[in-house]
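Read the structure below first, then the notes.
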Amino acid sequence: MDSVATSSHLPALMEPHERAALCHELEATLHDLVILSLVGKQLHWAVVGPDFRSLHLQLDELVDSWRELSDVVAERAVALGHVPDGQAQAAAGGSEIGPVARASIEDHTAVRELTDRIAKVSELARTRMDRLGEIDVATQDVLVEVVRKLEEQQWMLRTQLIGRA
């Protein structure tokens, strides 16, 4: 009996090395999104200050969106025949996104920390998106969605920093 991951069940795309390259880029994006969601949850628990309540709630919304994006990215990898490793340990080893301090953090500092990390993930995803377009536009479209959402979030957070030192 054939496995569902046999070549006859995979999208007719390209050479195996190109498929592997797509999956590598998707998994790297997945790792960044997983780390971003973990950082967001840490900030959710650690934020203090006058904007605590609104930021606390906003962080939950952001984390939910990053988890949804992670799912879209991972499912595209699976559709291409690759089972990605989205566990925390794999993500930590596969992402350039650094942790935040394990301490209370002022609301405006939390926004700045988060904005910096979203910008980094967005830049990495944009670079991957450009590379993927040369191989497979359907996979590129997944990263277009990631970049679009992250850049919108970055804009929304940046507005909270206006007038802050």
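Residue numbering restarts at 1 in every chain; chains get A, B, ... in the order shown in the structure tokens, and ligands count up from 1 in that same order.
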
Problem - Residue set, segment 39-102 of chain A restricted to helix (DSSP H, G or I), as a PyMOL selection string - result: chain A and resi 39-46+52-79+88-94

Go ahead and save the residues from that selection, with C-alpha atoms, as a PDB file, in the first residue's frame.
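Once written, part_18.pdb looks like this:
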ATOM      1  CA  VAL A  39       7.639  35.756  22.906  1.00  0.00           C
ATOM      2  CA  GLY A  40       4.198  37.319  22.590  1.00  0.00           C
ATOM      3  CA  LYS A  41       2.823  35.099  25.327  1.00  0.00           C
ATOM      4  CA  GLN A  42       5.792  35.901  27.589  1.00  0.00           C
ATOM      5  CA  LEU A  43       5.164  39.608  27.092  1.00  0.00           C
ATOM      6  CA  HIS A  44       1.451  39.017  27.722  1.00  0.00           C
ATOM      7  CA  TRP A  45       2.313  37.675  31.174  1.00  0.00           C
ATOM      8  CA  ALA A  46       5.059  40.182  31.947  1.00  0.00           C
ATOM      9  CA  PHE A  52      -1.434  47.002  30.631  1.00  0.00           C
ATOM     10  CA  ARG A  53      -5.014  45.943  29.984  1.00  0.00           C
ATOM     11  CA  SER A  54      -5.242  46.943  26.322  1.00  0.00           C
ATOM     12  CA  LEU A  55      -1.789  45.550  25.529  1.00  0.00           C
ATOM     13  CA  HIS A  56      -2.477  42.345  27.471  1.00  0.00           C
ATOM     14  CA  LEU A  57      -5.576  41.764  25.328  1.00  0.00           C
ATOM     15  CA  GLN A  58      -3.837  42.822  22.116  1.00  0.00           C
ATOM     16  CA  LEU A  59      -1.032  40.337  22.760  1.00  0.00           C
ATOM     17  CA  ASP A  60      -3.553  37.496  22.959  1.00  0.00           C
ATOM     18  CA  GLU A  61      -4.944  38.533  19.564  1.00  0.00           C
ATOM     19  CA  LEU A  62      -1.458  38.729  18.064  1.00  0.00           C
ATOM     20  CA  VAL A  63      -0.439  35.336  19.444  1.00  0.00           C
ATOM     21  CA  ASP A  64      -3.614  33.794  18.022  1.00  0.00           C
ATOM     22  CA  SER A  65      -2.856  35.275  14.599  1.00  0.00           C
ATOM     23  CA  TRP A  66       0.738  33.951  14.641  1.00  0.00           C
ATOM     24  CA  ARG A  67      -0.523  30.502  15.570  1.00  0.00           C
ATOM     25  CA  GLU A  68      -2.993  30.631  12.674  1.00  0.00           C
ATOM     26  CA  LEU A  69      -0.225  31.714  10.297  1.00  0.00           C
ATOM     27  CA  SER A  70       1.978  28.914  11.650  1.00  0.00           C
ATOM     28  CA  ASP A  71      -0.747  26.444  10.793  1.00  0.00           C
ATOM     29  CA  VAL A  72      -1.068  27.755   7.233  1.00  0.00           C
ATOM     30  CA  VAL A  73       2.713  27.554   6.740  1.00  0.00           C
ATOM     31  CA  ALA A  74       2.992  24.060   8.245  1.00  0.00           C
ATOM     32  CA  GLU A  75       0.059  22.740   6.243  1.00  0.00           C
ATOM     33  CA  ARG A  76       1.647  23.960   3.005  1.00  0.00           C
ATOM     34  CA  ALA A  77       4.825  22.065   3.925  1.00  0.00           C
ATOM     35  CA  VAL A  78       2.773  18.926   4.584  1.00  0.00           C
ATOM     36  CA  ALA A  79       0.969  19.386   1.266  1.00  0.00           C
ATOM     37  CA  ALA A  88       9.532  24.675  20.812  1.00  0.00           C
ATOM     38  CA  GLN A  89      12.982  23.079  20.891  1.00  0.00           C
ATOM     39  CA  ALA A  90      13.207  22.837  17.103  1.00  0.00           C
ATOM     40  CA  ALA A  91      11.867  26.365  16.696  1.00  0.00           C
ATOM     41  CA  ALA A  92      14.364  27.772  19.186  1.00  0.00           C
ATOM     42  CA  GLY A  93      17.215  26.140  17.320  1.00  0.00           C
ATOM     43  CA  GLY A  94      15.915  27.183  13.913  1.00  0.00           C
TER      44      GLY A  94
END

Practice task
Going by DSSP on the backbone, which bits of segment 12-164 of chain A are strand (DSSP E)? Write them as a VMD selection string, please.
Solution key: chain A and resid 47 to 48 105 to 106

Residue subset to file, keeping all heavy atoms, as a JSON list (two decimals), in the first residue's frame:
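Once written, selection07.json looks like this:
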[["chain", "number", "residue", "atom", "x", "y", "z"],
["A", 47, "VAL", "N", 3.87, 42.09, 30.99],
["A", 47, "VAL", "CA", 3.66, 43.52, 30.76],
["A", 47, "VAL", "C", 3.05, 44.21, 31.99],
["A", 47, "VAL", "O", 2.20, 43.64, 32.67],
["A", 47, "VAL", "CB", 2.78, 43.76, 29.50],
["A", 47, "VAL", "CG1", 1.36, 43.28, 29.70],
["A", 47, "VAL", "CG2", 2.82, 45.22, 29.09],
["A", 48, "VAL", "N", 3.55, 45.40, 32.25],
["A", 48, "VAL", "CA", 3.03, 46.25, 33.33],
["A", 48, "VAL", "C", 2.95, 47.68, 32.81],
["A", 48, "VAL", "O", 3.58, 48.01, 31.81],
["A", 48, "VAL", "CB", 3.92, 46.21, 34.61],
["A", 48, "VAL", "CG1", 3.96, 44.82, 35.21],
["A", 48, "VAL", "CG2", 5.33, 46.71, 34.31],
["A", 105, "ILE", "N", 7.93, 43.97, 32.36],
["A", 105, "ILE", "CA", 8.39, 44.86, 31.30],
["A", 105, "ILE", "C", 7.33, 45.94, 31.09],
["A", 105, "ILE", "O", 6.15, 45.66, 30.98],
["A", 105, "ILE", "CB", 8.68, 44.06, 30.00],
["A", 105, "ILE", "CG1", 9.30, 44.95, 28.93],
["A", 105, "ILE", "CG2", 7.48, 43.32, 29.51],
["A", 105, "ILE", "CD1", 9.92, 44.18, 27.78],
["A", 106, "GLU", "N", 7.80, 47.19, 31.08],
["A", 106, "GLU", "CA", 6.91, 48.33, 30.89],
["A", 106, "GLU", "C", 6.19, 48.21, 29.55],
["A", 106, "GLU", "O", 6.77, 47.75, 28.56],
["A", 106, "GLU", "CB", 7.70, 49.64, 30.92],
["A", 106, "GLU", "CG", 8.21, 50.01, 32.29],
["A", 106, "GLU", "CD", 7.09, 50.45, 33.24],
["A", 106, "GLU", "OE1", 6.09, 51.04, 32.78],
["A", 106, "GLU", "OE2", 7.23, 50.19, 34.44]]

Exercise for the section: Quote the spacing between atom CA of Leu157 of chain A and atom CA of Arg112 of chain A in Å to one decimal place. Expected result: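 So the answer is 8.0 Å.
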
Problem - Contacts of Ile118 of chain A at 10 Å (only C-alpha atoms; same-chain gap of 5+ positions) as a PyMOL selection string - result: chain A and resi 32-33+36+97+112-113+123-124+147+150-151+153-154+157

How would the residues just chosen look if you wrote them out with all heavy atoms as a compact mmCIF listing (two decimals), in the first residue's frame?
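See result00.txt below for the written result:
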# COMPACT_ATOMS: atom_id res chain seq x y z
N ASP A 32 10.12 30.75 13.06
CA ASP A 32 10.05 32.16 13.45
C ASP A 32 8.68 32.51 14.03
O ASP A 32 8.58 33.23 15.03
CB ASP A 32 10.35 33.07 12.26
CG ASP A 32 11.80 33.01 11.82
OD1 ASP A 32 12.67 32.58 12.61
OD2 ASP A 32 12.07 33.42 10.66
N LEU A 33 7.62 31.99 13.42
CA LEU A 33 6.28 32.28 13.92
C LEU A 33 6.01 31.63 15.26
O LEU A 33 5.36 32.22 16.13
CB LEU A 33 5.23 31.83 12.89
CG LEU A 33 5.18 32.67 11.61
CD1 LEU A 33 4.36 31.96 10.54
CD2 LEU A 33 4.64 34.06 11.89
N LEU A 36 7.86 33.74 17.74
CA LEU A 36 7.14 35.00 17.90
C LEU A 36 5.92 34.80 18.81
O LEU A 36 5.66 35.63 19.69
CB LEU A 36 6.72 35.53 16.53
CG LEU A 36 6.26 36.97 16.44
CD1 LEU A 36 7.30 37.94 16.99
CD2 LEU A 36 5.93 37.30 14.99
N ILE A 97 15.18 34.73 16.03
CA ILE A 97 14.44 35.62 16.91
C ILE A 97 14.80 35.32 18.35
O ILE A 97 14.62 34.19 18.83
CB ILE A 97 12.92 35.48 16.70
CG1 ILE A 97 12.57 35.59 15.21
CG2 ILE A 97 12.15 36.47 17.55
CD1 ILE A 97 13.12 36.82 14.52
N ARG A 112 7.86 48.07 21.92
CA ARG A 112 9.08 48.24 21.13
C ARG A 112 9.76 46.89 20.88
O ARG A 112 10.18 46.59 19.76
CB ARG A 112 10.04 49.20 21.85
CG ARG A 112 11.27 49.55 21.01
CD ARG A 112 12.06 50.71 21.59
NE ARG A 112 11.35 51.97 21.37
CZ ARG A 112 10.74 52.67 22.33
NH1 ARG A 112 10.74 52.27 23.57
NH2 ARG A 112 10.11 53.80 22.04
N GLU A 113 9.88 46.08 21.93
CA GLU A 113 10.49 44.75 21.79
C GLU A 113 9.74 43.91 20.76
O GLU A 113 10.33 43.24 19.93
CB GLU A 113 10.50 44.03 23.14
CG GLU A 113 11.40 44.63 24.19
CD GLU A 113 12.83 44.16 24.08
OE1 GLU A 113 13.07 43.08 23.52
OE2 GLU A 113 13.72 44.90 24.55
N GLU A 123 10.94 40.65 7.72
CA GLU A 123 12.06 40.77 6.78
C GLU A 123 12.55 39.39 6.32
O GLU A 123 12.82 39.19 5.13
CB GLU A 123 13.22 41.53 7.43
CG GLU A 123 12.94 43.00 7.64
CD GLU A 123 13.95 43.67 8.56
OE1 GLU A 123 15.03 43.08 8.84
OE2 GLU A 123 13.66 44.79 9.04
N LEU A 124 12.66 38.46 7.26
CA LEU A 124 13.08 37.11 6.91
C LEU A 124 12.07 36.44 5.99
O LEU A 124 12.43 35.80 4.99
CB LEU A 124 13.29 36.27 8.17
CG LEU A 124 14.48 36.67 9.05
CD1 LEU A 124 14.39 35.98 10.41
CD2 LEU A 124 15.79 36.34 8.35
N VAL A 147 3.72 37.83 5.30
CA VAL A 147 4.31 39.17 5.26
C VAL A 147 3.23 40.24 5.38
O VAL A 147 3.39 41.20 6.14
CB VAL A 147 5.16 39.37 3.98
CG1 VAL A 147 5.57 40.82 3.80
CG2 VAL A 147 6.39 38.46 4.03
N LEU A 150 2.03 40.36 9.04
CA LEU A 150 3.06 40.89 9.95
C LEU A 150 3.29 42.38 9.75
O LEU A 150 3.45 43.12 10.73
CB LEU A 150 4.37 40.12 9.78
CG LEU A 150 4.37 38.67 10.23
CD1 LEU A 150 5.69 38.00 9.87
CD2 LEU A 150 4.08 38.54 11.72
N GLU A 151 3.30 42.82 8.51
CA GLU A 151 3.51 44.25 8.25
C GLU A 151 2.34 45.09 8.74
O GLU A 151 2.53 46.20 9.23
CB GLU A 151 3.82 44.49 6.78
CG GLU A 151 5.20 43.98 6.41
CD GLU A 151 5.58 44.18 4.97
OE1 GLU A 151 4.72 44.59 4.14
OE2 GLU A 151 6.75 43.92 4.63
N GLN A 153 0.51 44.27 11.37
CA GLN A 153 0.68 44.28 12.83
C GLN A 153 1.79 45.24 13.24
O GLN A 153 1.66 45.95 14.24
CB GLN A 153 0.97 42.87 13.32
CG GLN A 153 -0.20 41.94 13.17
CD GLN A 153 0.16 40.48 13.38
OE1 GLN A 153 1.34 40.11 13.42
NE2 GLN A 153 -0.85 39.65 13.48
N GLN A 154 2.85 45.26 12.49
CA GLN A 154 3.97 46.15 12.77
C GLN A 154 3.50 47.60 12.71
O GLN A 154 3.83 48.41 13.57
CB GLN A 154 5.08 45.88 11.76
CG GLN A 154 6.38 46.54 12.04
CD GLN A 154 7.40 46.19 10.97
OE1 GLN A 154 7.20 45.32 10.15
NE2 GLN A 154 8.50 46.91 10.99
N LEU A 157 1.37 48.42 15.80
CA LEU A 157 2.19 48.58 17.00
C LEU A 157 3.02 49.86 16.95
O LEU A 157 3.18 50.53 17.97
CB LEU A 157 3.09 47.36 17.20
CG LEU A 157 2.37 46.10 17.67
CD1 LEU A 157 3.24 44.88 17.47
CD2 LEU A 157 1.93 46.23 19.12

Handout entry: atom CA of Thr29 of chain A to atom CA of Thr109 of chain A, distance in Å rounded to a single decimal
Key = 25.2 Å
